[in-house]
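my_file_39.txt (compact mmCIF, C-alpha atoms)
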```
# COMPACT_ATOMS: atom_id res chain seq x y z
CA MET A 24 0.00 0.00 0.00
CA ALA A 25 1.37 3.39 -1.03
CA GLN A 26 2.08 5.94 1.65
CA LYS A 27 0.30 9.27 1.61
CA ASN A 28 2.45 12.22 0.72
CA PRO A 29 0.88 15.37 2.21
CA LYS A 30 3.18 17.70 0.32
CA LEU A 31 2.27 16.09 -3.01
CA GLU A 32 -1.42 16.18 -2.12
CA ARG A 33 -1.19 19.92 -1.33
CA GLU A 34 0.65 20.65 -4.58
CA LEU A 35 -1.92 18.70 -6.58
CA GLU A 36 -4.80 20.42 -4.78
CA LYS A 37 -3.34 23.87 -5.50
CA TYR A 38 -2.75 22.94 -9.13
CA PHE A 39 -6.27 21.61 -9.70
CA GLN A 40 -7.83 24.63 -7.97
CA LYS A 41 -5.96 26.89 -10.38
CA VAL A 42 -7.06 24.77 -13.36
CA GLU A 43 -10.67 24.87 -12.19
CA GLY A 44 -10.54 28.64 -11.77
CA ILE A 45 -9.16 29.12 -15.27
CA LEU A 46 -11.78 26.83 -16.83
CA VAL A 47 -14.70 28.40 -14.94
CA LYS A 48 -13.55 31.87 -15.99
CA ALA A 49 -13.22 30.76 -19.63
CA VAL A 50 -16.70 29.22 -19.72
CA ARG A 51 -18.26 32.28 -18.05
CA GLU A 52 -16.57 34.58 -20.55
CA ALA A 53 -17.79 32.50 -23.51
CA PHE A 54 -21.39 32.53 -22.28
CA ALA A 55 -21.21 36.25 -21.49
CA MET A 56 -19.87 36.97 -24.99
CA CYS A 57 -22.71 34.92 -26.44
CA GLY A 58 -25.20 36.91 -24.36
CA GLU A 59 -23.69 40.22 -25.45
CA GLU A 60 -23.86 39.17 -29.10
CA ALA A 61 -27.48 38.01 -28.78
CA VAL A 62 -28.56 41.23 -27.07
CA ALA A 63 -26.76 43.39 -29.64
CA PHE A 64 -28.35 41.41 -32.47
CA ALA A 65 -31.84 41.79 -31.00
CA LYS A 66 -31.54 45.48 -30.09
CA ASP A 67 -29.37 47.03 -32.75
CA ARG A 68 -31.30 46.09 -35.87
CA PRO A 69 -33.16 48.82 -37.69
CA GLN A 70 -36.87 48.96 -36.86
CA GLU A 71 -37.71 47.95 -40.43
CA GLN A 72 -35.93 44.63 -39.81
CA SER A 73 -37.33 44.03 -36.34
CA TRP A 74 -40.27 46.02 -34.94
CA TYR A 75 -41.37 49.59 -34.50
CA ASP A 76 -40.73 50.49 -30.88
CA HIS A 77 -42.84 53.55 -30.21
CA THR A 78 -41.86 54.01 -26.54
CA GLU A 79 -38.37 52.39 -26.70
CA ASN A 80 -39.39 50.31 -23.69
CA LEU A 81 -39.33 46.96 -25.51
CA ARG A 82 -35.86 47.50 -26.96
CA SER A 83 -34.63 48.84 -23.59
CA SER A 84 -35.96 45.75 -21.77
CA ILE A 85 -33.70 43.35 -23.69
CA GLY A 86 -30.70 41.97 -21.83
CA TYR A 87 -29.27 38.78 -20.41
CA GLY A 88 -28.40 37.05 -17.18
CA LEU A 89 -25.87 34.30 -16.64
CA TYR A 90 -26.76 31.89 -13.85
CA GLU A 91 -24.80 29.17 -12.09
CA HIS A 92 -27.06 26.92 -10.02
CA GLY A 93 -29.59 29.73 -9.69
CA LEU A 94 -27.09 32.43 -8.76
CA ASN A 95 -27.06 35.38 -11.12
CA ILE A 96 -23.33 35.88 -11.68
CA ILE A 97 -23.47 38.28 -14.63
CA THR A 98 -26.20 40.66 -15.73
CA SER A 99 -25.96 42.69 -18.89
CA SER A 100 -26.43 46.39 -18.72
CA PHE A 101 -29.98 47.13 -19.76
CA ARG A 102 -29.56 50.28 -21.77
CA GLY A 103 -31.88 52.49 -23.71
CA VAL A 104 -34.10 55.50 -23.43
CA GLY A 105 -37.14 53.55 -22.24
CA ALA A 106 -36.72 53.77 -18.47
CA GLU A 107 -39.67 51.45 -17.81
CA GLY A 108 -38.13 48.86 -20.13
CA VAL A 109 -34.74 49.03 -18.42
CA ALA A 110 -36.31 48.55 -14.97
CA THR A 111 -38.61 45.75 -16.16
CA GLY A 112 -35.78 43.84 -17.85
CA GLN A 113 -33.55 44.07 -14.79
CA LYS A 114 -36.36 42.94 -12.51
CA LEU A 115 -37.13 39.94 -14.72
CA ILE A 116 -33.49 38.81 -14.67
CA GLU A 117 -33.52 38.95 -10.85
CA GLU A 118 -36.79 37.00 -10.65
CA LEU A 119 -35.63 34.22 -12.99
CA ALA A 120 -32.73 33.04 -10.81
CA GLU A 121 -34.81 30.46 -8.93
CA GLU A 122 -35.89 28.79 -12.19
CA TYR A 123 -32.27 27.92 -13.01
CA ARG A 124 -31.09 26.56 -9.65
CA ASP A 125 -30.63 23.06 -11.11
CA ALA A 126 -28.62 24.27 -14.11
CA ALA A 127 -24.83 24.24 -13.81
CA ILE A 128 -24.83 27.25 -16.13
CA ALA A 129 -27.63 29.00 -17.97
CA LEU A 130 -27.61 31.97 -20.30
CA VAL A 131 -31.01 33.65 -20.37
CA VAL A 132 -31.78 36.44 -22.82
CA VAL A 133 -34.97 38.32 -22.03
CA ALA A 134 -37.28 40.96 -23.38
CA GLY A 135 -38.77 42.19 -20.12
CA MET A 136 -41.85 43.95 -21.43
CA ASN A 137 -44.92 41.73 -21.10
CA TYR A 138 -46.01 42.43 -24.68
CA ALA A 139 -42.82 41.13 -26.35
CA GLU A 140 -44.41 37.76 -27.03
CA TYR A 141 -47.45 39.49 -28.52
CA VAL A 142 -45.27 41.52 -30.90
CA GLU A 143 -43.66 38.29 -32.15
CA ALA A 144 -46.83 36.17 -32.30
CA ILE A 145 -49.49 38.59 -33.47
CA ASP A 146 -47.52 41.18 -35.38
CA GLY A 147 -45.12 38.60 -36.83
CA LYS A 148 -42.11 40.65 -35.80
CA ASP A 149 -38.78 39.31 -34.57
CA VAL A 150 -37.98 40.44 -31.03
CA LEU A 151 -35.80 37.58 -29.70
CA ALA A 152 -36.41 34.62 -32.01
CA SER A 153 -33.48 35.18 -34.37
CA ALA A 154 -31.22 36.30 -31.49
CA GLU A 155 -31.90 32.94 -29.81
CA LEU A 156 -31.03 31.06 -33.00
CA LYS A 157 -27.85 33.11 -33.38
CA ALA A 158 -26.82 32.43 -29.77
CA LYS A 159 -27.41 28.69 -30.15
CA SER A 160 -25.31 28.62 -33.32
CA ARG A 161 -22.46 30.62 -31.73
CA ILE A 162 -22.03 29.08 -28.27
CA ASP A 163 -20.07 25.99 -29.32
CA GLY A 164 -17.54 28.06 -31.25
CA LEU A 165 -17.18 30.58 -28.43
CA LEU A 166 -16.67 27.78 -25.91
CA GLN A 167 -14.01 26.18 -28.10
CA ILE A 168 -12.12 29.46 -28.39
CA ALA A 169 -12.35 29.96 -24.62
CA ILE A 170 -11.15 26.42 -23.87
CA ASN A 171 -8.21 26.81 -26.27
CA ARG A 172 -7.17 30.01 -24.47
CA ALA A 173 -7.63 28.29 -21.11
CA GLU A 174 -5.43 25.36 -22.17
CA LYS A 175 -2.60 27.76 -23.00
CA GLU A 176 -2.98 29.45 -19.63
CA ILE A 177 -3.05 26.09 -17.83
CA GLU A 178 0.18 25.05 -19.55
CA ARG A 179 1.89 28.05 -17.91
CA ILE A 180 0.93 27.05 -14.36
CA PRO A 181 4.08 26.08 -12.45
CA PHE A 182 3.95 22.60 -11.06
CA ASN A 183 6.59 21.89 -8.39
CA ILE A 184 6.86 18.12 -8.73
CA THR A 185 10.01 16.39 -9.97
CA ILE A 186 10.17 12.79 -11.08
CA THR A 187 13.51 11.03 -11.37
CA VAL A 188 14.14 7.52 -12.60
```

This entry written out as C-alpha cells:
Amino acid sequence: MAQKNPKLERELEKYFQKVEGILVKAVREAFAMCGEEAVAFAKDRPQEQSWYDHTENLRSSIGYGLYEHGLNIITSSFRGVGAEGVATGQKLIEELAEEYRDAAIALVVVAGMNYAEYVEAIDGKDVLASAELKAKSRIDGLLQIAINRAEKEIERIPFNITITV
C-alpha cells in the first residue's frame, strides 16, 4: 500500500484549484460573450428589420443574465431611453434566478416587457427569435475558443513536482 504524501497532495490540490478557476472563468466569458452578441443582435437592428418600438421600452428591456445553479453571476447592462423597459428587464433577470437553480450554467436572454411575445406572435415581428437562434449557433464556437485560451494558460501554471528515474 502506497504511503500518503501530504506535500504532493497539497501541490496537486493547488494545481487543480488553479485549473478549475481558469476553466470556470473561460466558460463564463464564452457565455457572457454569447449573451452580449445576442442582445446586440436583438436590439441594434433597424426597426424595419425588427419592430417599431414607439416608446423604446421593448428595446430597452432586452438583456441577459448568466446563472450558475440559480445564482445570477453576470447581468448585462440594460440600456436604452425607455426607463420602464430598463427597470422591467432588470427585474425579470432577478426573478428568474430560482428557475435555473438546477442548471450548472444558464444563459437567459430576455425581453422584459410583457407584450414582447405578442409583438412576435401577433404582429409577426422578430424580437428575440433570431437572437436565440444566433446564440445557439455561436455558443459551441465561443466555448471552443475559450477552452483553447484556457489550455494555453493552464500550460503556464508552475507545477513543483520532480520525477527522477

Once 5 Å is added on each side, what are the centre and the three edge lengths, in Å to one decimal, of the axis-aligned box enclosing the listed atoms of segment 150-161 of chain A? Present them as lines of an AutoDock Vina configuration file.
```
center_x = -30.2
center_y = 34.5
center_z = -32.0
size_x = 25.5
size_y = 21.8
size_z = 14.7
```

Need the shell around Ala134 of chain A: protein/DNA/RNA residues with any atom at most 7 Å away, counting all atoms listed in the file. Skip same-chain ones fewer than 3 positions apart. Format as a ChimeraX atom specification?
/A:81,84-86,112,139

Atomic distance atom CA of Ile145 of chain A - atom CA of Gly105 of chain A, expressed in Å with one decimal
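Distance reported for this atom pair: 22.4 Å.
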
One decimal, Å: what's the distance from atom CA of Gln72 of chain A over to atom CA of Leu130 of chain A, could you say?
24.7 Å

All residues 12 Å or closer to segment 140-142 of chain A, only C-alpha atoms, same chain fewer than 5 positions away omitted, as a PyMOL selection string:
chain A and resi 73-76+81-82+133-135+147-152

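Proximity of A:Glu52, A:Glu43, A:Glu34, A:Glu117 to Gln167 of chain A, computed with all atoms listed in the file, is greatest for A:Glu52.
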
Between A:Ile116, A:Asp146, A:Ile177, A:Ser99, which has the minimum distance to Met56 of chain A (counting all atoms listed in the file)?
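Under the stated criterion, the closest residue is A:Ser99.
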
Just to confirm, what's the straight-line distance from atom CA of Asn28 of chain A to atom CA of Glu178 of chain A in Å (one decimal)?
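Spanning atom CA of Asn28 of chain A to atom CA of Glu178 of chain A is a straight-line distance of 24.1 Å.
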
Might you pull out every residue within 12 Å of Lys41 of chain A, with all atoms listed in the file counted and same-chain residues fewer than 3 positions away left off, and present them as a PyMOL selection string?
chain A and resi 34-38+44-48+173-174+176-182

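Distance annotation: of A:Val131, A:Val42, A:Ile170, A:Val109, the residue with the minimal separation from Ala158 of chain A is A:Val131; atom set is all atoms listed in the file.
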
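Using all atoms listed in the file, the shortest contact distance between Glu59 of chain A and any of A:Val188, A:Ile96, A:Val132, A:Leu156 is found at A:Val132.
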
Excluding same-chain residues fewer than 3 positions from Gly164 of chain A, what lies within 12 Å of it counting only C-alpha atoms, as a list in words?
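Using only C-alpha atoms, the neighbours found are Val50, Ala53, Phe54, Met56, Cys57, Lys157, Ala158, Lys159, Ser160, Arg161, Gln167, Ile168, Ala169, Ile170 and Asn171 of chain A.
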
Print the selection's residues with C-alpha atoms to a file, as a PDB file, in the frame of the given file.
```pdb
ATOM      1  CA  VAL A  50     -16.700  29.220 -19.720  1.00  0.00           C
ATOM      2  CA  ALA A  53     -17.790  32.500 -23.510  1.00  0.00           C
ATOM      3  CA  PHE A  54     -21.390  32.530 -22.280  1.00  0.00           C
ATOM      4  CA  MET A  56     -19.870  36.970 -24.990  1.00  0.00           C
ATOM      5  CA  CYS A  57     -22.710  34.920 -26.440  1.00  0.00           C
ATOM      6  CA  LYS A 157     -27.850  33.110 -33.380  1.00  0.00           C
ATOM      7  CA  ALA A 158     -26.820  32.430 -29.770  1.00  0.00           C
ATOM      8  CA  LYS A 159     -27.410  28.690 -30.150  1.00  0.00           C
ATOM      9  CA  SER A 160     -25.310  28.620 -33.320  1.00  0.00           C
ATOM     10  CA  ARG A 161     -22.460  30.620 -31.730  1.00  0.00           C
ATOM     11  CA  GLN A 167     -14.010  26.180 -28.100  1.00  0.00           C
ATOM     12  CA  ILE A 168     -12.120  29.460 -28.390  1.00  0.00           C
ATOM     13  CA  ALA A 169     -12.350  29.960 -24.620  1.00  0.00           C
ATOM     14  CA  ILE A 170     -11.150  26.420 -23.870  1.00  0.00           C
ATOM     15  CA  ASN A 171      -8.210  26.810 -26.270  1.00  0.00           C
TER      16      ASN A 171
END
```
